[in-house]
Every structure is written in C-alpha cells, then in structure tokens.
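Notes follow once the structure below has been shown.
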Amino acid sequence: MNLIAHPELLELLAASHALGTLRGGARRRFEAMAREQAPVRAAALVWQGRLASMTELQSPIVPDAAVWTRIRNIIDAEKTQHAMERQRDAANAAAKPQPGGWLRSLALWRGATAAGALATVLAVVVGLNLRDQLNNAPAVQYVAVLSDDQSAASMLVTFDPKKKQLVLQRVGNYAEAGDKSLQLWALPPGGAPRSLGVLDNAPGLRLAASESDVHAVPTLAVTLEAKGGVPPGSGPKGPVVFKGALIEKTI
C-alpha cells in the first residue's frame, strides 16, 4: 500500500513509531519505507520532534512510588496480553492461512492502538495533557528532509503557515567551522536560487517566511558559505552540503 496516498494512516504510524509502540516486523517495515520515501521519513522526524519538545516544556519532577507501580502494572499487563495474542494468532494461522500484505499485520495494528496507552503513561510521568499538546502543535504545510551526499538525513525543514516561519532542525552530526555559515536556498524550477536565510549553529532554528517563498519550489538546498552568508541578491558561492525535495502536505 502507498502510505503517501493515505496521510491519516501515515500520521498514525509515524506517531506510534515515535512513541515506541510500533514494534517487531511492522516497525522494521515502516523504517525501511522511511529510508526509501522522503514523505514517510519526514513524518517520522516531525513526530519525534513533537514528542521530544513536549518534555522540555515541563520542569523536572520526581514521580512518587505509586506512579512507577502503575507503569509497571501497565507494562506487565500489555506483555501478558501480547503473549496471549501471539499464541492465538499462531493457532489461527496454523488452522487457516491469512492473506499477505504488511498492512494486515496484527503487530502493526497492535502497536498503533497501543499508542493511546503509552501516551497516558507519558502524561502521568511528565504531567502533561498529551492531547492538548498535540492539538496545539505547530501546523506543517511543507516539509523537506535534507540529506548529504551520502543520502544521510541531516536537516528537517518544515513550514508553519500559522506562524509564517520555517522551522529547521539538525538531525545529523554536521558542524561547520567557526569562519563558515550555512545558508538555506529555494531552488525554483527554471529560476535562480533564492536565499531563505543564513543559519546559525543551533540545533533548532526559525526563519520568518511566507508561503510564496516556498510555494511551487520543488527542492531546498543548504550551501556552505563564508561567515554571515553571501550578500543579499547574490547567488550561492560555496558547495552544496545538504539538499532534498520540498513536499506539500495536508495540514
């Protein structure tokens, strides 16, 4: 099945993957698709960033012993349930083979439906209302995963139309020298590269932008320039270090 054609299912699987509830063969298949398809990889990175950012909003707290007891009880109950389901599935499979297809994998659906249980545990531990946090998460209209020349993901770029800004997150280990700067470029079809901003060396960065800056732009690129970037109106001077397709997605 083409996940890109089913955005709701893609979001569910990406959320389950980030939560850690997508397990076994279903998790391996999702990760294989993420390596091969930029939209799937982008969805996974977006959800990882959303969940990671939520824990940063809260001051550290020490849960009491009752909380850890409840977590252990939930984990033990899920293990027992999964073991029983595996035994039942094995018996059913032996009696009557089921049609193939990875979307029919019980492990996938089990992981997806278990996301709610783990989300509850997370909310207890960090004191957050998970549903409210996800509803208030930044909108994402465009997304790009920029990779280096070895096809390794190095930077996640999203465009938030509500706040009119590009959100950039470094996901690799690249670090420019102190006398250099990275610069983000839009590469419109048939047109000259257009600078979207000079990047500092922070792991996360926000740049003011409008939809017209990214609309109908198929590719983004990052070049390595002299400190401060090239002068306004100039094209890129240095080598391209990251590049990737810019994809418009349903908000």
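Quick note on naming: the chains in the structure tokens go A, B, ... in the order shown, residues restart at 1 in each chain, and ligands are numbered from 1 in order of appearance.
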
For region 159-172 of chain A, find every residue with an atom within 6 Å (counting only C-alpha atoms), except residues of its own chain fewer than 4 positions away, and show them as a short mmCIF file (atom, residue, chain, number, x, y, z; two decimals) with N, CA and C atoms, in the first residue's frame.
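result14.cif, written as the output of this step:
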```
data_model
loop_
_atom_site.label_atom_id
_atom_site.label_comp_id
_atom_site.auth_asym_id
_atom_site.auth_seq_id
_atom_site.Cartn_x
_atom_site.Cartn_y
_atom_site.Cartn_z
N ALA A 139 1.46 23.85 12.97
CA ALA A 139 0.96 23.30 11.70
C ALA A 139 2.14 23.06 10.77
N VAL A 140 2.01 22.08 9.93
CA VAL A 140 3.05 21.77 8.96
C VAL A 140 2.41 21.69 7.59
N GLN A 141 2.76 22.62 6.71
CA GLN A 141 2.21 22.63 5.36
C GLN A 141 3.20 22.11 4.33
N TYR A 142 4.46 22.41 4.54
CA TYR A 142 5.53 21.90 3.68
C TYR A 142 6.58 21.25 4.55
N SER A 154 20.15 14.97 7.30
CA SER A 154 20.97 15.91 8.05
C SER A 154 20.18 17.09 8.60
N MET A 155 19.05 17.41 7.99
CA MET A 155 18.26 18.55 8.46
C MET A 155 16.80 18.37 8.06
N PRO A 203 20.93 23.72 17.19
CA PRO A 203 20.24 22.52 16.69
C PRO A 203 18.90 22.83 16.06
N GLY A 204 18.21 23.86 16.57
CA GLY A 204 16.93 24.26 16.01
C GLY A 204 16.93 25.73 15.67
N LEU A 205 16.20 26.10 14.62
CA LEU A 205 16.22 27.49 14.16
C LEU A 205 14.89 27.80 13.49
N ARG A 206 14.43 29.05 13.64
CA ARG A 206 13.21 29.51 12.99
C ARG A 206 13.52 30.73 12.12
N LEU A 207 13.03 30.70 10.89
CA LEU A 207 13.23 31.79 9.96
C LEU A 207 11.89 32.32 9.50
N ALA A 208 11.71 33.63 9.51
CA ALA A 208 10.47 34.23 9.00
C ALA A 208 10.35 33.95 7.51
N ALA A 209 9.15 33.55 7.09
CA ALA A 209 8.93 33.24 5.67
C ALA A 209 7.43 33.30 5.39
N SER A 210 7.09 33.48 4.14
CA SER A 210 5.70 33.44 3.70
C SER A 210 5.52 32.24 2.79
#
```

Can you list, as a ChimeraX atom specification, every protein, DNA or RNA residue that comes within 10 Å of Ile247 (chain A) when you count only C-alpha atoms, leaving out same-chain residues fewer than 6 positions away? /A:38-39,42,141-145,158,214-219

Restricting the output to N, CA, C and O atoms, write the selected residues as an mmCIF file, in the first residue's frame.
```
data_model
loop_
_atom_site.group_PDB
_atom_site.id
_atom_site.type_symbol
_atom_site.label_atom_id
_atom_site.label_comp_id
_atom_site.auth_asym_id
_atom_site.auth_seq_id
_atom_site.Cartn_x
_atom_site.Cartn_y
_atom_site.Cartn_z
ATOM 1 N N ALA A 38 10.919 9.888 1.070
ATOM 2 C CA ALA A 38 11.121 11.118 1.832
ATOM 3 C C ALA A 38 9.888 11.542 2.636
ATOM 4 O O ALA A 38 10.027 11.964 3.783
ATOM 5 N N PRO A 39 8.660 11.446 2.110
ATOM 6 C CA PRO A 39 7.499 11.854 2.917
ATOM 7 C C PRO A 39 7.326 11.021 4.178
ATOM 8 O O PRO A 39 6.940 11.536 5.225
ATOM 9 N N ALA A 42 10.025 12.095 6.594
ATOM 10 C CA ALA A 42 9.702 13.404 7.164
ATOM 11 C C ALA A 42 8.644 13.289 8.255
ATOM 12 O O ALA A 42 8.746 13.924 9.304
ATOM 13 N N GLN A 141 2.760 22.621 6.708
ATOM 14 C CA GLN A 141 2.206 22.633 5.360
ATOM 15 C C GLN A 141 3.205 22.106 4.332
ATOM 16 O O GLN A 141 2.821 21.458 3.360
ATOM 17 N N TYR A 142 4.462 22.407 4.545
ATOM 18 C CA TYR A 142 5.529 21.904 3.683
ATOM 19 C C TYR A 142 6.583 21.253 4.553
ATOM 20 O O TYR A 142 6.840 21.702 5.678
ATOM 21 N N VAL A 143 7.206 20.219 4.031
ATOM 22 C CA VAL A 143 8.240 19.520 4.784
ATOM 23 C C VAL A 143 9.319 19.023 3.820
ATOM 24 O O VAL A 143 9.030 18.656 2.674
ATOM 25 N N ALA A 144 10.558 19.054 4.291
ATOM 26 C CA ALA A 144 11.683 18.555 3.490
ATOM 27 C C ALA A 144 12.697 17.908 4.420
ATOM 28 O O ALA A 144 12.961 18.417 5.515
ATOM 29 N N VAL A 145 13.224 16.795 3.999
ATOM 30 C CA VAL A 145 14.342 16.155 4.692
ATOM 31 C C VAL A 145 15.566 16.357 3.813
ATOM 32 O O VAL A 145 15.637 15.807 2.710
ATOM 33 N N THR A 158 10.503 22.373 8.018
ATOM 34 C CA THR A 158 9.047 22.442 7.885
ATOM 35 C C THR A 158 8.623 23.905 7.788
ATOM 36 O O THR A 158 9.303 24.795 8.290
ATOM 37 N N VAL A 214 7.963 29.445 -0.552
ATOM 38 C CA VAL A 214 8.159 28.008 -0.736
ATOM 39 C C VAL A 214 7.155 27.379 -1.696
ATOM 40 O O VAL A 214 7.331 26.220 -2.100
ATOM 41 N N HIS A 215 6.115 28.109 -2.065
ATOM 42 C CA HIS A 215 5.106 27.536 -2.947
ATOM 43 C C HIS A 215 5.703 27.202 -4.317
ATOM 44 O O HIS A 215 6.423 28.003 -4.917
ATOM 45 N N ALA A 216 5.399 25.995 -4.782
ATOM 46 C CA ALA A 216 5.858 25.517 -6.090
ATOM 47 C C ALA A 216 7.380 25.406 -6.175
ATOM 48 O O ALA A 216 7.936 25.390 -7.276
ATOM 49 N N VAL A 217 8.051 25.350 -5.039
ATOM 50 C CA VAL A 217 9.502 25.135 -5.017
ATOM 51 C C VAL A 217 9.737 23.637 -4.822
ATOM 52 O O VAL A 217 9.368 23.083 -3.787
ATOM 53 N N PRO A 218 10.333 22.956 -5.780
ATOM 54 C CA PRO A 218 10.478 21.505 -5.660
ATOM 55 C C PRO A 218 11.643 21.058 -4.773
ATOM 56 O O PRO A 218 11.620 19.939 -4.263
ATOM 57 N N THR A 219 12.638 21.930 -4.595
ATOM 58 C CA THR A 219 13.849 21.496 -3.903
ATOM 59 C C THR A 219 14.402 22.607 -3.027
ATOM 60 O O THR A 219 14.358 23.786 -3.380
#
```

Between CA of Lys180 (chain A) and CA of Leu224 (chain A), measure the distance and give it in Å to one decimal.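 Answer for the CA of Lys180 (chain A) to CA of Leu224 (chain A) separation: 6.7 Å.
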
I'd like the neighbourhood of Glu11 (chain A) as a list in words, where a residue qualifies if any of its atoms comes within 9 Å (using only C-alpha atoms), though same-chain residues fewer than 6 positions away should be ignored. Ala43, Ala44 and Trp47 of chain A

Atom-to-atom span, CA of Arg28 (chain A) and CA of Leu9 (chain A), Å: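 Atom-to-atom, CA of Arg28 (chain A) and CA of Leu9 (chain A) are spaced 16.5 Å apart.
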
May I ask which of the residues A:Leu10, A:Ala175, A:Leu45, A:Ala26 is the closest one to Ala153 (chain A), counting only C-alpha atoms?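 Smallest distance to Ala153 (chain A) is found for A:Leu45.
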
Please report as CSV every residue of region 161-222 of chain A lying within 9 Å of region 146-151 of chain A, along with the nearest atom pair and their distance in Å (one decimal), using only C-alpha atoms.
```
residue,atom,partner,partner_atom,distance
A:Leu220,CA,A:Leu146,CA,7.5
A:Ala221,CA,A:Leu146,CA,7.3
A:Val222,CA,A:Leu146,CA,8.2
```

I'd like the interatomic distance between CA of Gly229 (chain A) and CA of Ser181 (chain A), to a tenth of an Å. 5.9 Å

His82 (chain A) proximity check over A:Arg23, A:Val157, A:Pro232, A:Lys227, using only C-alpha atoms: winner is A:Arg23
